[in-house]
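**Student:** Enclosed is the structure file entry.txt (compact mmCIF, C-alpha atoms).
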```txt
# COMPACT_ATOMS: atom_id res chain seq x y z
CA MET A 1 -0.26 -4.02 -3.55
CA ARG A 2 -0.15 -3.54 -3.64
CA GLN A 3 0.64 -3.48 -3.15
CA ARG A 4 -0.66 -3.03 0.62
CA SER A 5 -1.14 -2.02 3.88
CA PHE A 6 -0.53 0.24 6.44
CA ILE A 7 -0.54 -0.92 9.90
CA ALA A 8 -3.22 -2.97 11.44
CA ILE A 9 -5.13 -0.49 13.48
CA THR A 10 -7.80 -2.11 15.58
CA ALA A 11 -11.28 -0.80 16.07
CA ALA A 12 -10.79 -1.14 19.79
CA LEU A 13 -8.69 1.97 19.98
CA ALA A 14 -10.15 4.89 21.85
CA ALA A 15 -11.94 7.26 19.54
CA GLY A 16 -11.28 10.46 21.44
CA ALA A 17 -10.92 13.39 19.10
CA LEU A 18 -7.22 14.11 19.30
CA THR A 19 -5.81 16.88 17.20
CA LEU A 20 -3.26 15.56 14.75
CA THR A 21 -0.52 18.16 14.67
CA ALA A 22 1.26 16.63 11.73
CA CYS A 23 2.13 13.59 13.83
CA GLY A 24 3.87 15.66 16.43
CA SER A 25 6.67 16.80 14.17
CA ARG A 26 5.36 19.81 12.29
CA ASP A 27 4.75 23.35 13.31
CA ASP A 28 1.05 24.28 13.25
CA GLU A 29 1.97 27.65 11.82
CA GLY A 30 2.02 28.03 8.06
CA SER A 31 4.56 30.01 6.08
CA SER A 32 4.56 33.72 6.78
CA SER A 33 3.48 34.93 3.38
CA GLY A 34 1.28 33.48 0.71
CA ASP A 35 -0.66 33.74 -2.48
CA SER A 36 -4.11 34.31 -1.02
CA GLY A 37 -6.82 32.16 -2.49
CA THR A 38 -4.63 29.56 -4.21
CA THR A 39 -6.25 26.12 -4.45
CA VAL A 40 -4.10 23.03 -4.86
CA THR A 41 -5.80 19.79 -5.81
CA ILE A 42 -4.40 16.42 -4.78
CA GLY A 43 -5.69 13.72 -7.09
CA VAL A 44 -6.65 10.34 -5.69
CA ASP A 45 -6.85 7.20 -7.81
CA ALA A 46 -8.19 4.03 -6.19
CA PRO A 47 -10.89 1.38 -6.60
CA LEU A 48 -13.91 3.20 -5.21
CA THR A 49 -16.32 0.52 -6.43
CA GLY A 50 -16.06 -3.25 -6.76
CA ASP A 51 -14.45 -5.98 -4.67
CA LEU A 52 -11.55 -3.82 -3.45
CA SER A 53 -13.58 -0.70 -2.71
CA ALA A 54 -13.17 -1.17 1.05
CA LEU A 55 -9.48 -0.43 0.58
CA GLY A 56 -10.01 2.27 -2.03
CA LEU A 57 -12.48 4.26 0.02
CA GLY A 58 -10.12 4.12 2.98
CA ILE A 59 -7.40 5.57 0.76
CA LYS A 60 -9.65 8.37 -0.47
CA ASN A 61 -10.89 9.30 3.01
CA SER A 62 -7.40 9.30 4.50
CA VAL A 63 -6.13 11.68 1.82
CA ASP A 64 -9.16 13.86 2.45
CA LEU A 65 -8.34 13.89 6.17
CA ALA A 66 -4.77 15.01 5.44
CA THR A 67 -5.97 17.93 3.33
CA LYS A 68 -8.44 18.97 6.02
CA GLN A 69 -5.71 18.86 8.66
CA ALA A 70 -3.39 20.93 6.48
CA ASN A 71 -6.11 23.49 5.82
CA SER A 72 -7.13 23.79 9.48
CA GLN A 73 -3.48 24.30 10.47
CA LYS A 74 -2.89 26.73 7.59
CA TYR A 75 0.17 24.59 7.02
CA VAL A 76 0.90 26.21 3.67
CA ASP A 77 -0.06 29.84 4.11
CA GLY A 78 -2.39 31.07 1.37
CA VAL A 79 -2.96 27.57 -0.06
CA THR A 80 -6.16 25.58 0.34
CA PHE A 81 -5.96 21.87 -0.44
CA LYS A 82 -8.77 19.80 -1.91
CA ILE A 83 -8.98 16.34 -3.43
CA GLU A 84 -10.24 14.97 -6.73
CA ALA A 85 -10.95 11.26 -6.27
CA LEU A 86 -11.37 9.00 -9.31
CA ASP A 87 -12.41 5.35 -9.45
CA ASP A 88 -10.06 2.98 -11.29
CA GLN A 89 -12.12 -0.14 -10.44
CA ALA A 90 -8.77 -1.89 -9.77
CA LEU A 91 -8.26 -2.07 -13.55
CA PRO A 92 -5.40 -0.63 -15.66
CA SER A 93 -7.56 0.90 -18.42
CA PRO A 94 -9.71 3.11 -16.16
CA GLY A 95 -6.56 3.99 -14.24
CA GLN A 96 -4.90 5.18 -17.43
CA GLN A 97 -7.95 7.29 -18.27
CA ASN A 98 -7.93 8.75 -14.77
CA ALA A 99 -4.26 9.67 -15.10
CA THR A 100 -5.00 11.56 -18.32
CA LYS A 101 -7.88 13.40 -16.66
CA LEU A 102 -5.79 14.41 -13.64
CA VAL A 103 -2.94 15.63 -15.83
CA ALA A 104 -5.40 17.81 -17.77
CA ASP A 105 -6.40 19.73 -14.63
CA PRO A 106 -3.73 22.39 -13.95
CA LYS A 107 -4.76 22.63 -10.29
CA VAL A 108 -3.71 19.02 -9.69
CA LEU A 109 -0.15 19.22 -8.35
CA GLY A 110 0.16 15.72 -6.88
CA VAL A 111 -1.58 12.35 -6.95
CA VAL A 112 -2.00 9.70 -4.26
CA GLY A 113 -2.54 6.16 -5.54
CA PRO A 114 -3.19 3.74 -6.99
CA LEU A 115 -3.83 0.63 -4.92
CA ASN A 116 -2.84 -1.95 -7.53
CA SER A 117 0.61 -2.31 -9.08
CA SER A 118 -0.92 -3.29 -12.41
CA VAL A 119 -2.87 -0.03 -12.45
CA ALA A 120 0.29 1.92 -11.59
CA GLU A 121 2.02 0.45 -14.64
CA SER A 122 -0.64 2.04 -16.84
CA MET A 123 -0.33 5.46 -15.21
CA GLN A 124 3.36 6.09 -14.60
CA LYS A 125 4.39 7.40 -18.01
CA ILE A 126 1.40 9.73 -18.27
CA PHE A 127 2.25 11.35 -14.96
CA ASP A 128 5.97 11.42 -15.69
CA ASP A 129 5.50 13.10 -19.08
CA ALA A 130 3.51 15.82 -17.29
CA LYS A 131 6.05 16.05 -14.44
CA LEU A 132 3.17 15.34 -12.05
CA VAL A 133 4.27 13.61 -8.85
CA GLU A 134 2.56 10.36 -7.86
CA VAL A 135 2.86 8.78 -4.41
CA SER A 136 1.35 5.33 -3.90
CA PRO A 137 0.42 4.13 -0.42
CA ALA A 138 0.07 0.53 -1.54
CA ASN A 139 2.04 -0.54 -4.65
CA THR A 140 4.69 -3.12 -3.80
CA ASN A 141 5.93 -4.48 -7.14
CA PRO A 142 9.69 -3.70 -7.25
CA ALA A 143 9.76 -3.02 -11.01
CA LEU A 144 7.75 0.17 -10.56
CA THR A 145 10.73 1.90 -9.01
CA GLN A 146 13.73 -0.29 -9.85
CA GLY A 147 13.00 -1.38 -13.42
CA THR A 148 12.12 -4.75 -14.91
CA ASP A 149 15.63 -6.14 -14.35
CA TRP A 150 15.67 -5.40 -10.61
CA ASN A 151 15.88 -9.10 -9.67
CA THR A 152 19.10 -9.54 -11.65
CA GLY A 153 20.80 -6.87 -9.58
CA THR A 154 20.45 -4.23 -12.27
CA LYS A 155 18.31 -1.47 -10.84
CA LYS A 156 17.27 1.50 -12.90
CA ARG A 157 14.55 3.92 -11.91
CA PRO A 158 12.02 4.17 -14.78
CA TYR A 159 10.17 7.33 -13.69
CA THR A 160 11.42 10.07 -11.38
CA SER A 161 7.88 11.29 -10.67
CA TYR A 162 6.83 8.03 -9.00
CA PHE A 163 7.23 7.44 -5.24
CA ARG A 164 5.68 5.12 -2.68
CA THR A 165 5.31 4.97 1.09
CA ALA A 166 4.89 1.16 1.21
CA THR A 167 7.89 -1.15 1.00
CA THR A 168 8.29 -3.62 -1.88
CA ASP A 169 7.75 -7.30 -2.55
CA ALA A 170 11.49 -7.69 -2.97
CA ILE A 171 11.42 -7.55 0.83
CA GLN A 172 7.89 -8.70 1.66
CA GLY A 173 8.04 -12.05 -0.15
CA PRO A 174 11.36 -13.17 1.35
CA PHE A 175 10.30 -11.88 4.79
CA ALA A 176 7.25 -14.13 4.61
CA ALA A 177 9.35 -17.08 3.42
CA GLN A 178 11.71 -16.71 6.37
CA TYR A 179 8.81 -16.67 8.81
CA VAL A 180 7.06 -19.65 7.24
CA TYR A 181 10.24 -21.77 7.06
CA ASN A 182 12.08 -20.71 10.22
CA ASP A 183 9.28 -19.78 12.62
CA SER A 184 6.30 -21.83 11.46
CA LYS A 185 8.56 -24.76 10.53
CA LYS A 186 6.72 -25.39 7.27
CA LYS A 187 8.92 -27.10 4.71
CA LYS A 188 6.64 -27.98 1.80
CA VAL A 189 4.63 -25.24 0.10
CA PHE A 190 2.04 -25.13 -2.67
CA VAL A 191 2.29 -21.76 -4.44
CA ILE A 192 -0.72 -20.13 -6.11
CA ASP A 193 -1.07 -16.71 -7.72
CA ASP A 194 -3.67 -14.69 -9.64
CA LYS A 195 -1.39 -13.97 -12.64
CA LYS A 196 -1.55 -10.23 -11.97
CA THR A 197 1.43 -7.93 -11.51
CA TYR A 198 1.23 -7.83 -7.73
CA GLY A 199 0.29 -11.44 -7.04
CA ALA A 200 2.65 -13.12 -9.47
CA GLY A 201 5.56 -10.92 -8.42
CA LEU A 202 5.00 -11.52 -4.72
CA ALA A 203 4.66 -15.28 -5.20
CA ALA A 204 7.92 -15.33 -7.16
CA THR A 205 9.95 -13.54 -4.48
CA PHE A 206 8.48 -15.78 -1.77
CA THR A 207 9.26 -18.93 -3.75
CA GLU A 208 12.83 -17.95 -4.47
CA GLU A 209 13.62 -17.33 -0.80
CA PHE A 210 11.70 -20.40 0.42
CA LYS A 211 13.72 -22.67 -1.88
CA LYS A 212 16.94 -20.94 -0.88
CA LEU A 213 16.18 -21.73 2.76
CA GLY A 214 15.76 -25.42 1.91
CA GLY A 215 12.02 -25.62 1.44
CA THR A 216 10.28 -27.71 -1.20
CA VAL A 217 7.67 -26.47 -3.67
CA ALA A 218 5.04 -29.23 -3.82
CA GLY A 219 3.20 -27.61 -6.69
CA THR A 220 2.30 -24.35 -8.40
CA GLN A 221 -0.95 -23.14 -9.89
CA HIS A 222 -2.60 -19.99 -11.19
CA ILE A 223 -6.19 -18.92 -10.65
CA ASP A 224 -8.63 -16.86 -12.64
CA PRO A 225 -9.38 -13.86 -10.38
CA ASP A 226 -12.84 -13.57 -11.94
CA THR A 227 -14.00 -16.89 -10.52
CA LYS A 228 -14.71 -18.06 -6.98
CA ASP A 229 -14.67 -21.82 -7.61
CA PHE A 230 -11.27 -23.14 -6.64
CA SER A 231 -12.31 -26.71 -5.86
CA ALA A 232 -10.03 -28.27 -8.48
CA ILE A 233 -6.98 -26.46 -7.16
CA ALA A 234 -8.01 -27.27 -3.59
CA THR A 235 -7.96 -30.96 -4.53
CA GLN A 236 -4.48 -30.56 -6.02
CA VAL A 237 -3.27 -28.93 -2.82
CA LYS A 238 -4.68 -31.80 -0.74
CA SER A 239 -3.03 -34.50 -2.85
CA SER A 240 0.33 -32.65 -3.02
CA GLY A 241 1.12 -33.23 0.63
CA ALA A 242 1.99 -29.56 1.14
CA ASP A 243 1.98 -28.33 4.73
CA VAL A 244 1.32 -24.68 3.76
CA VAL A 245 -0.12 -22.70 0.84
CA TYR A 246 1.31 -19.40 -0.31
CA TYR A 247 -1.06 -17.21 -2.29
CA GLY A 248 -0.01 -14.18 -4.32
CA GLY A 249 -3.10 -12.05 -4.77
CA GLU A 250 -5.85 -10.26 -2.94
CA TYR A 251 -8.53 -11.06 -0.40
CA PRO A 252 -11.61 -11.42 -2.66
CA GLN A 253 -10.05 -14.62 -4.06
CA ALA A 254 -7.85 -15.58 -1.11
CA GLY A 255 -10.78 -15.94 1.30
CA PRO A 256 -12.78 -18.44 -0.78
CA LEU A 257 -9.53 -20.22 -1.74
CA SER A 258 -8.62 -20.76 1.91
CA LYS A 259 -12.12 -21.98 2.71
CA GLN A 260 -12.20 -24.46 -0.17
CA ILE A 261 -8.72 -25.81 0.60
CA LYS A 262 -9.84 -26.62 4.14
CA ALA A 263 -13.09 -28.10 2.84
CA ALA A 264 -11.07 -30.39 0.57
CA GLY A 265 -9.44 -31.87 3.65
CA ALA A 266 -6.15 -29.98 3.69
CA ALA A 267 -6.03 -28.55 7.21
CA ILE A 268 -3.07 -26.29 6.42
CA PRO A 269 -2.60 -22.54 6.65
CA LEU A 270 -2.88 -20.17 3.72
CA VAL A 271 -0.27 -17.42 3.75
CA GLY A 272 -0.41 -14.23 1.71
CA GLY A 273 0.87 -10.70 1.50
CA ASP A 274 -0.66 -7.34 2.29
CA GLY A 275 -3.23 -7.99 -0.44
CA ILE A 276 -5.10 -10.40 1.83
CA PHE A 277 -4.58 -8.43 5.03
CA ASP A 278 -8.12 -7.17 5.46
CA PRO A 279 -11.01 -8.22 7.74
CA THR A 280 -12.96 -9.20 4.64
CA PHE A 281 -10.55 -12.09 4.07
CA ILE A 282 -11.57 -13.61 7.39
CA LYS A 283 -15.27 -13.20 6.59
CA LEU A 284 -14.81 -14.92 3.23
CA ALA A 285 -12.52 -17.66 4.56
CA GLY A 286 -14.82 -18.57 7.46
CA SER A 287 -14.14 -20.05 10.86
CA ASN A 288 -11.48 -22.44 9.61
CA SER A 289 -9.24 -19.50 8.67
CA THR A 290 -7.71 -19.57 12.16
CA GLY A 291 -3.96 -19.90 11.67
CA ASP A 292 -3.89 -18.31 8.23
CA LEU A 293 -1.13 -15.72 7.90
CA ALA A 294 -0.53 -12.42 6.13
CA THR A 295 2.40 -10.06 5.93
CA SER A 296 1.89 -6.33 5.80
CA VAL A 297 4.10 -3.28 5.77
CA GLY A 298 4.70 -1.28 8.91
CA ALA A 299 4.52 -2.01 12.60
CA PRO A 300 1.55 -2.97 14.81
CA VAL A 301 -0.45 -0.03 16.02
CA GLU A 302 0.41 -0.51 19.67
CA ASP A 303 3.96 0.48 18.82
CA LEU A 304 2.95 3.71 17.09
CA ALA A 305 1.36 6.47 19.14
CA SER A 306 1.02 8.60 16.01
CA ALA A 307 -1.28 6.00 14.49
CA LYS A 308 -3.63 6.26 17.45
CA GLU A 309 -3.92 9.98 16.76
CA PHE A 310 -4.71 9.22 13.14
CA VAL A 311 -7.45 6.75 14.12
CA ALA A 312 -9.01 9.21 16.55
CA ASN A 313 -9.03 12.00 13.98
CA TYR A 314 -10.41 9.70 11.30
CA LYS A 315 -13.29 8.69 13.54
CA ALA A 316 -13.89 12.27 14.62
CA ALA A 317 -14.13 13.31 10.96
CA GLY A 318 -17.20 11.10 10.60
CA TYR A 319 -16.26 9.00 7.57
CA THR A 320 -18.73 6.17 7.08
CA GLU A 321 -16.11 3.79 5.66
CA GLU A 322 -13.15 2.30 7.53
CA TYR A 323 -9.69 3.71 6.81
CA GLY A 324 -8.68 0.18 5.87
CA ALA A 325 -5.29 -1.37 5.44
CA TYR A 326 -3.74 1.62 3.70
CA GLY A 327 -5.22 4.49 5.64
CA GLY A 328 -2.03 5.52 7.42
CA TYR A 329 0.08 5.17 4.29
CA SER A 330 -2.45 7.20 2.33
CA TYR A 331 -2.41 9.97 4.91
CA ASP A 332 1.38 9.99 4.83
CA SER A 333 1.43 9.95 1.01
CA ALA A 334 -0.86 12.97 0.93
CA TRP A 335 1.21 14.73 3.58
CA ALA A 336 4.34 14.10 1.54
CA VAL A 337 2.69 15.99 -1.33
CA ILE A 338 1.72 18.76 1.09
CA GLU A 339 5.31 18.99 2.37
CA ALA A 340 6.63 19.22 -1.19
CA VAL A 341 4.12 21.97 -2.01
CA LYS A 342 5.17 23.86 1.12
CA LYS A 343 8.83 23.64 0.17
CA VAL A 344 8.16 24.97 -3.33
CA VAL A 345 5.93 27.79 -2.08
CA ASP A 346 8.42 28.81 0.61
CA ASP A 347 11.28 28.81 -1.90
CA ASN A 348 9.28 31.04 -4.24
CA GLY A 349 8.43 33.87 -1.87
CA GLY A 350 5.13 32.39 -0.72
CA LYS A 351 3.66 31.72 -4.15
CA LEU A 352 3.43 28.77 -6.49
CA PRO A 353 5.80 29.10 -9.45
CA ASP A 354 4.66 28.59 -13.03
CA ASP A 355 6.51 25.26 -13.19
CA ALA A 356 5.04 24.07 -9.89
CA ARG A 357 4.59 20.45 -10.97
CA ALA A 358 8.23 19.96 -11.93
CA LYS A 359 9.46 21.68 -8.78
CA ILE A 360 7.12 19.69 -6.53
CA THR A 361 8.32 16.44 -8.12
CA ALA A 362 11.92 17.49 -7.49
CA ALA A 363 11.13 18.51 -3.91
CA MET A 364 9.53 15.16 -3.16
CA GLN A 365 12.91 13.43 -3.36
CA ASN A 366 14.05 15.23 -0.21
CA VAL A 367 10.79 15.13 1.76
CA SER A 368 11.32 13.77 5.26
CA PHE A 369 8.98 13.84 8.26
CA ASP A 370 7.62 11.75 11.12
CA GLY A 371 4.34 10.36 9.83
CA VAL A 372 1.53 8.09 10.93
CA THR A 373 3.45 5.03 9.77
CA GLY A 374 6.85 6.12 11.05
CA LYS A 375 9.63 8.03 9.34
CA VAL A 376 8.57 9.06 5.84
CA SER A 377 11.34 9.61 3.30
CA PHE A 378 12.46 8.16 -0.02
CA ASP A 379 15.60 6.54 -1.39
CA GLU A 380 17.19 7.12 -4.79
CA TYR A 381 14.56 4.94 -6.47
CA GLY A 382 11.58 6.65 -4.88
CA ASP A 383 11.05 3.73 -2.52
CA ALA A 384 10.15 4.17 1.12
CA THR A 385 13.13 4.09 3.44
CA ASN A 386 10.93 2.46 6.10
CA LYS A 387 11.36 -1.28 5.43
CA GLN A 388 9.55 -2.68 8.45
CA LEU A 389 7.06 -5.52 8.01
CA THR A 390 4.75 -7.49 10.29
CA VAL A 391 3.35 -11.01 10.17
CA TYR A 392 -0.29 -11.32 11.25
CA ALA A 393 -2.24 -14.48 12.08
CA VAL A 394 -5.97 -15.07 12.20
CA GLU A 395 -6.92 -15.62 15.83
CA ASN A 396 -10.44 -15.57 17.24
CA GLY A 397 -11.81 -14.08 14.04
CA ALA A 398 -9.36 -11.19 13.76
CA TRP A 399 -5.86 -10.44 12.53
CA LYS A 400 -3.30 -10.44 15.36
CA PRO A 401 0.35 -9.38 15.02
CA VAL A 402 2.82 -12.17 15.74
CA LYS A 403 6.19 -10.85 14.56
CA SER A 404 7.67 -7.57 13.30
CA GLY A 405 10.99 -7.00 11.61
CA THR A 406 12.47 -6.84 8.14
CA TYR A 407 14.02 -9.17 5.64
CA THR A 408 17.65 -10.01 6.28
CA GLY A 409 19.28 -11.46 3.19
```
Before we go any further, please render this structure as structure tokens.
**Tutor:**
Amino acid sequence: MRQRSFIAITAALAAGALTLTACGSRDDEGSSSGDSGTTVTIGVDAPLTGDLSALGLGIKNSVDLATKQANSQKYVDGVTFKIEALDDQALPSPGQQNATKLVADPKVLGVVGPLNSSVAESMQKIFDDAKLVEVSPANTNPALTQGTDWNTGTKKRPYTSYFRTATTDAIQGPFAAQYVYNDSKKKKVFVIDDKKTYGAGLAATFTEEFKKLGGTVAGTQHIDPDTKDFSAIATQVKSSGADVVYYGGEYPQAGPLSKQIKAAGAAIPLVGGDGIFDPTFIKLAGSNSTGDLATSVGAPVEDLASAKEFVANYKAAGYTEEYGAYGGYSYDSAWAVIEAVKKVVDDNGGKLPDDARAKITAAMQNVSFDGVTGKVSFDEYGDATNKQLTVYAVENGAWKPVKSGTYTG
């Protein structure tokens, strides 16, 4: 988003308080020397209020958990990590203001966030001008890392300070199209998006691949994300003869849209990206959402022992909110900042250099570790090297994984 998600971690997992030793790959010992009393702040930007706050609070808490783990392990000797979490309300303007505020605090040496790609667009230059590294756990719009001409084959990285741990819609949209056409055998799609950076971009990459495979687009439409009445569009979907709907957007609109499409008499699945992959979608969509589909980045939790450790530690920490779709990616984004700080401190005799921000940004390019969501590292564009995706279906009132893999062009 997203933009989105980490891996669908179910609430049924055992909540025993396991100690997360950096996902089994890091030494619990910190560096041997340090600048005693140094505090490093990791900024967090996410929607902490509003419709998407369930995701934003999960991001904030997961970053907080990473800093607490690093501090308890003394992972960077002499450095204490803390967070500064700011609410962007899922809107570009507050996000831009937050970026300016974080840049103004000299203790902020890295930022995790935002959730929304449109918000990231408003923040990137501010962070880059200040040489302040930003790692998003959820942004998926390809232009953020590969430039606006990425879909023509001309890729150019706009900002070297921007990284992300989630894969992009250049992969997620086509991956969904292949599943819908080849596996679900749906040949006629009605495409809807919310006109925002994430939703419109995801819908476009899905549509391109679906048509390439031989599918037909029965109709296209855009919604106003500030409304919840989609009855007119639902009627259009019904009369189009489409056997599936693809929606580019997020769950606050996707849930009511799915419900109203079914109520209009179109008993067809709604498919979306990681932006709809949240339990709230199912609550909003109602009982007829069975069979609706979502793609999300990463692998199912049962394949990742490290994620079980994360869940147990999150529960043991006593957060009142769920970690949400991006919890694991947020933890890994924060730990990537921590790893970069450690590298810079170790290279400077155990102390932070005066140009710490620039050096931490440079160090991020070579960060590599085994994280909650799998191998965490970045390519030449700042994109995650982990390209795995999963398709989830609504079954018995919950999201269930049905297929994992990656897009094969």
**Student:** For CA of Ala254 (chain A) and CA of Tyr326 (chain A), determine how far apart the two atoms are, in Å to one decimal place.
**Tutor:**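 CA of Tyr326 (chain A) lies at a distance of 18.3 Å from CA of Ala254 (chain A).
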**Student:** Between CA of Ser368 (chain A) and CA of Ala340 (chain A), measure the distance and give it in Å to one decimal.
**Tutor:**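 Computed distance, CA of Ser368 (chain A) to CA of Ala340 (chain A), equals 9.7 Å.
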**Student:** Interatomic distance between CA of Leu284 (chain A) and CA of Val189 (chain A)?
**Tutor:**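 Here the two named atoms are 22.2 Å from each other.
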**Student:** Between A:Gly328, A:Pro92, A:Gly405, A:Pro256, which has the minimum distance to Ser62 (chain A) (counting all atoms listed in the file)?
**Tutor:**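 Distance minimum relative to Ser62 (chain A) lands on A:Gly328.
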**Student:** Would you mind telling me which residue in A:Met364, A:Leu202, A:Ala176, A:Leu213 lies nearest to Ser404 (chain A) when using all atoms listed in the file?
**Tutor:**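 That would be A:Ala176, the residue with the smallest distance to Ser404 (chain A).
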**Student:** Rank nothing, just name the residue among A:Val345, A:Ala305, A:Ala138, A:Val376 nearest to Gly273 (chain A), using only C-alpha atoms.
**Tutor:** A:Ala138
**Student:** Could you tell me which of A:Ile223, A:Leu109, A:Val237, A:Ala299 comes closest to Tyr329 (chain A) if we count only C-alpha atoms?
**Tutor:**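 Result for the nearest residue to Tyr329 (chain A): A:Ala299.
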**Student:** So which residues touch Phe310 (chain A) within 8 Å, counting all atoms listed in the file, skipping near sequence neighbours fewer than 3 positions away, as number ranges by chain?
**Tutor:** A: 20, 306-307, 313-314, 328, 372
